[in-house]
Structure formats: C-alpha cells, structure tokens
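Visitor: Structure file coords.cif, mmCIF, C-alpha atoms, is pasted below:
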```
data_work
loop_
_atom_site.group_PDB
_atom_site.id
_atom_site.type_symbol
_atom_site.label_atom_id
_atom_site.label_comp_id
_atom_site.auth_asym_id
_atom_site.auth_seq_id
_atom_site.Cartn_x
_atom_site.Cartn_y
_atom_site.Cartn_z
ATOM 1 C CA MET Q 1 63.706 91.456 101.285
ATOM 2 C CA THR Q 2 65.135 88.207 100.003
ATOM 3 C CA ASP Q 3 65.020 84.833 101.730
ATOM 4 C CA MET Q 4 68.804 84.997 102.169
ATOM 5 C CA TYR Q 5 68.485 88.384 103.884
ATOM 6 C CA GLU Q 6 65.895 86.940 106.280
ATOM 7 C CA LYS Q 7 68.142 83.919 106.980
ATOM 8 C CA GLY Q 8 71.049 86.265 107.538
ATOM 9 C CA LEU Q 9 69.037 88.465 109.867
ATOM 10 C CA SER Q 10 68.070 85.420 111.921
ATOM 11 C CA ASN Q 11 71.673 84.146 112.050
ATOM 12 C CA ARG Q 12 73.020 87.577 112.897
ATOM 13 C CA ARG Q 13 70.535 88.064 115.743
ATOM 14 C CA ASP Q 14 71.201 84.560 117.113
ATOM 15 C CA VAL Q 15 74.970 85.058 117.195
ATOM 16 C CA LEU Q 16 75.397 88.743 118.044
ATOM 17 C CA GLY Q 17 72.182 89.353 119.930
ATOM 18 C CA ALA Q 18 68.981 90.931 118.652
ATOM 19 C CA GLU Q 19 69.492 94.197 120.525
ATOM 20 C CA TYR Q 20 72.904 94.833 118.928
ATOM 21 C CA VAL Q 21 71.748 93.849 115.433
ATOM 22 C CA ASP Q 22 68.506 95.804 115.557
ATOM 23 C CA LYS Q 23 70.395 98.884 116.744
ATOM 24 C CA SER Q 24 72.788 98.545 113.782
ATOM 25 C CA ILE Q 25 70.024 98.072 111.228
ATOM 26 C CA ASN Q 26 67.639 100.661 112.661
ATOM 27 C CA GLY Q 27 70.495 103.149 112.977
ATOM 28 C CA ALA Q 28 71.423 102.825 109.323
ATOM 29 C CA ASP Q 29 71.117 105.893 107.153
ATOM 30 C CA SER Q 30 71.312 106.520 103.428
ATOM 31 C CA PHE Q 31 75.109 106.277 103.616
ATOM 32 C CA ASN Q 32 75.350 102.774 105.105
ATOM 33 C CA ARG Q 33 71.898 101.212 104.583
ATOM 34 C CA ASP Q 34 73.042 99.247 101.512
ATOM 35 C CA PHE Q 35 76.108 98.059 103.427
ATOM 36 C CA GLN Q 36 73.878 96.689 106.209
ATOM 37 C CA ARG Q 37 71.810 94.836 103.601
ATOM 38 C CA ILE Q 38 74.924 93.405 101.918
ATOM 39 C CA LEU Q 39 76.450 92.410 105.270
ATOM 40 C CA THR Q 40 73.250 90.693 106.395
ATOM 41 C CA THR Q 41 72.592 88.953 103.076
ATOM 42 C CA TYR Q 42 76.046 87.717 102.139
ATOM 43 C CA CYS Q 43 78.026 87.435 105.369
ATOM 44 C CA TRP Q 44 75.241 86.292 107.681
ATOM 45 C CA GLY Q 45 72.942 84.752 105.059
ATOM 46 C CA GLU Q 46 75.168 83.077 102.496
ATOM 47 C CA VAL Q 47 78.250 82.298 104.614
ATOM 48 C CA TRP Q 48 76.701 81.617 108.022
ATOM 49 C CA SER Q 49 74.010 79.420 106.422
ATOM 50 C CA GLY Q 50 76.530 77.132 104.749
ATOM 51 C CA GLU Q 51 76.341 73.447 105.622
ATOM 52 C CA GLY Q 52 80.063 72.631 105.822
ATOM 53 C CA LEU Q 53 80.744 74.201 109.237
ATOM 54 C CA ASP Q 54 78.649 74.425 112.362
ATOM 55 C CA ARG Q 55 78.211 77.674 114.266
ATOM 56 C CA LYS Q 56 80.824 76.771 116.858
ATOM 57 C CA GLN Q 57 83.475 76.317 114.164
ATOM 58 C CA ARG Q 58 82.439 79.516 112.398
ATOM 59 C CA SER Q 59 82.749 81.386 115.700
ATOM 60 C CA LEU Q 60 86.236 80.000 116.330
ATOM 61 C CA ASN Q 61 87.269 80.874 112.758
ATOM 62 C CA ASN Q 62 86.033 84.437 113.233
ATOM 63 C CA LEU Q 63 87.975 84.781 116.471
ATOM 64 C CA CYS Q 64 91.162 83.789 114.673
ATOM 65 C CA MET Q 65 90.550 86.104 111.726
ATOM 66 C CA THR Q 66 89.527 89.139 113.756
ATOM 67 C CA ALA Q 67 92.495 88.690 116.108
ATOM 68 C CA ALA Q 68 94.903 88.272 113.173
ATOM 69 C CA THR Q 69 93.670 91.480 111.579
ATOM 70 C CA GLY Q 70 93.622 93.476 114.818
ATOM 71 C CA ARG Q 71 89.866 94.024 114.834
ATOM 72 C CA SER Q 72 89.329 94.140 118.609
ATOM 73 C CA HIS Q 73 85.759 95.440 118.482
ATOM 74 C CA GLU Q 74 84.701 92.647 116.107
ATOM 75 C CA PHE Q 75 86.701 90.121 118.163
ATOM 76 C CA GLU Q 76 84.699 91.063 121.255
ATOM 77 C CA LEU Q 77 81.373 90.748 119.398
ATOM 78 C CA HIS Q 78 82.351 87.337 118.051
ATOM 79 C CA PHE Q 79 83.696 86.196 121.429
ATOM 80 C CA LYS Q 80 80.250 86.849 122.891
ATOM 81 C CA GLY Q 81 78.756 85.118 119.864
ATOM 82 C CA ALA Q 82 80.993 82.097 120.408
ATOM 83 C CA ILE Q 83 79.624 81.786 123.935
ATOM 84 C CA ARG Q 84 76.057 82.002 122.562
ATOM 85 C CA ASN Q 85 76.990 79.319 120.025
ATOM 86 C CA GLY Q 86 78.025 76.904 122.767
ATOM 87 C CA VAL Q 87 81.803 77.068 122.431
ATOM 88 C CA THR Q 88 83.364 75.687 125.614
ATOM 89 C CA LEU Q 89 85.890 77.361 127.857
ATOM 90 C CA ALA Q 90 88.505 74.789 126.798
ATOM 91 C CA GLN Q 91 87.835 75.504 123.102
ATOM 92 C CA LEU Q 92 88.109 79.248 123.690
ATOM 93 C CA ARG Q 93 91.308 78.887 125.712
ATOM 94 C CA ASP Q 94 92.938 76.685 123.048
ATOM 95 C CA THR Q 95 91.843 79.034 120.259
ATOM 96 C CA LEU Q 96 93.236 82.089 122.039
ATOM 97 C CA THR Q 97 96.498 80.262 122.701
ATOM 98 C CA GLN Q 98 96.718 79.327 119.019
ATOM 99 C CA ILE Q 99 96.070 82.976 118.126
ATOM 100 C CA ALA Q 100 99.012 83.984 120.335
ATOM 101 C CA ILE Q 101 101.368 81.522 118.669
ATOM 102 C CA TYR Q 102 100.313 82.066 115.051
ATOM 103 C CA CYS Q 103 99.435 85.783 115.161
ATOM 104 C CA GLY Q 104 101.942 86.941 117.763
ATOM 105 C CA MET Q 105 101.923 87.430 121.492
ATOM 106 C CA PRO Q 106 100.459 90.971 121.350
ATOM 107 C CA ALA Q 107 97.401 89.550 119.526
ATOM 108 C CA GLY Q 108 97.166 86.815 122.144
ATOM 109 C CA VAL Q 109 97.450 89.277 125.010
ATOM 110 C CA GLU Q 110 94.660 91.387 123.495
ATOM 111 C CA ALA Q 111 92.483 88.305 122.895
ATOM 112 C CA PHE Q 112 92.849 87.113 126.491
ATOM 113 C CA ARG Q 113 92.258 90.659 127.772
ATOM 114 C CA ILE Q 114 89.003 90.898 125.834
ATOM 115 C CA ALA Q 115 87.981 87.423 126.984
ATOM 116 C CA ARG Q 116 88.410 88.432 130.635
ATOM 117 C CA LYS Q 117 86.364 91.600 130.014
ATOM 118 C CA VAL Q 118 83.543 89.595 128.430
ATOM 119 C CA PHE Q 119 83.601 87.010 131.223
ATOM 120 C CA GLN Q 120 83.287 89.789 133.781
ATOM 121 C CA GLU Q 121 80.458 91.512 131.878
ATOM 122 C CA GLU Q 122 78.583 88.229 131.407
ATOM 123 C CA GLY Q 123 79.083 87.077 135.006
ATOM 124 C CA ILE Q 124 81.144 84.062 133.936
ATOM 125 C CA ASP Q 125 83.730 82.727 136.367
ATOM 126 C CA PRO Q 126 86.343 81.005 134.171
ATOM 127 C CA ASP Q 127 87.615 79.136 137.242
ATOM 128 C CA LYS Q 128 84.213 77.476 137.706
ATOM 129 C CA ASP Q 129 82.278 77.619 134.426
ATOM 130 C CA GLU Q 130 83.726 74.998 132.085
ATOM 131 C CA SER Q 131 80.436 74.966 130.176
ATOM 132 C CA LEU Q 132 79.564 78.558 129.331
ATOM 133 C CA THR Q 133 75.963 78.069 128.239
#
```
So that I can check it, write out the structure of this file as structure tokens.
Guide:
Amino acid sequence: MTDMYEKGLSNRRDVLGAEYVDKSINGADSFNRDFQRILTTYCWGEVWSGEGLDRKQRSLNNLCMTAATGRSHEFELHFKGAIRNGVTLAQLRDTLTQIAIYCGMPAGVEAFRIARKVFQEEGIDPDKDESLT
C-alpha cells in the first residue's frame, strides 16, 4: 500500500474509530474493495492530511455537508468523530443551529435528533459536559 493509504488509514481510524474502520475494510469484497482503497487513500489520506484545516474544522465541515445532503448515517459517524476530534458542545450546538438555518429546519431537526442519540449512546450529559473529551 502507498504512504497516503497508510496515512488515510490512520486518520480514518482516529476519527471514526478503529473497530468501525476495520470492519469496513475487512468486510470488503471484490465488488467494493477498490472503493475502500480509494476512499482511504484520497478522502482520508489526501484530504484529511491537508495542512490548511485542523481536524476540528474538518469535522464541522463534514457535519454541514452531510446534513445538507441528507446523509444521516454519515452525519452520525462524523458527529462521533467530531467528539473524538475535540469539538466542544458549544461548537456542535452552533454548527447544528447553522445547519438548521442554511439547510432548512428539517435538516436541523434531524441533526439535533442524531446528536441526542449519540450523546445518550456515549454517556454524555449535554447539560453538564461542556467539554466532551
């Protein structure tokens, strides 16, 4: 594998969690194996290794884009990743509010619904945990 693939694999595991990523890669078959390689190399290697944005900003960008395109499953993955990347409760709240205004209230409702689900799953009390990490 290439250096960029290895960088991407490291980034992907850090943000989404090793268990999730390893399950995706190990579950690949001849139909989607090349897609997993491309995703890991270019999305997680090339883009997520760029120097212009830190991981927190990349996470917030992904939340906006996945909400705008109605990709709830990906939104949830990246919401968990944002927490791993050290995004604060205030940053998440402001981002989800901005999603509601710019993408429409249904997108905002879905974003806040997913956030509550993740908080519950992760044992985070949003009334007490201003710092999520």
Visitor: Run the PyMOL selection byres ((chain Q and resi 70) around 12) on the file and write out the hits as a list in words.
Guide: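 Answer for the PyMOL selection byres ((chain Q and resi 70) around 12): Asn62, Leu63, Cys64, Met65, Thr66, Ala67, Ala68, Thr69, Arg71, Ser72, His73, Glu74, Phe75, Glu76, Ile99, Cys103, Gly104, Pro106, Ala107, Gly108, Val109, Glu110 and Ala111 of chain Q.
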Visitor: In terms of the shortest atom-to-atom distance over only C-alpha atoms, which of Q:Leu39, Q:Ile124, Q:Leu96, Q:Val118 is closest to Q:Arg12?
Guide: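 Checking each of Q:Leu39, Q:Ile124, Q:Leu96, Q:Val118 against Q:Arg12, counting only C-alpha atoms, the winner is Q:Leu39.
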Visitor: What is the distance between atom CA of Q:Asn32 and atom CA of Q:Val47, in Å to one decimal?
Guide: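 So the answer is 20.7 Å.
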Visitor: Can you tell me how far atom CA of Q:Asp22 sits from atom CA of Q:Thr40, in Å to one decimal?
Guide: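 Computed distance, atom CA of Q:Asp22 to atom CA of Q:Thr40, equals 11.5 Å.
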Visitor: Find, counting all atoms listed in the file, the residue in Q:Asn61, Q:Thr2, Q:Thr88, Q:Gln120 that gets nearest to Q:Arg37.
Guide: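 With all atoms listed in the file as the atom set, the closest residue is Q:Thr2.
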Visitor: Report as a PyMOL selection string the full result of the PyMOL selection byres ((chain Q and resi 4) around 9) when it is applied to this structure.
Guide: chain Q and resi 1-3+5-9+40-42+44-46+49
Visitor: One decimal, in Å: what's the spacing between atom CA of Q:Phe112 and atom CA of Q:Thr97?
Guide: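 Interatomic distance here is 8.6 Å.
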Visitor: Using only C-alpha atoms, pick whichever of Q:Leu53, Q:Met105, Q:Val21, Q:Ala115 has the shortest atom-to-atom distance to Q:Lys80.
Guide: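 Ranking Q:Leu53, Q:Met105, Q:Val21, Q:Ala115 by distance to Q:Lys80, first place goes to Q:Ala115.
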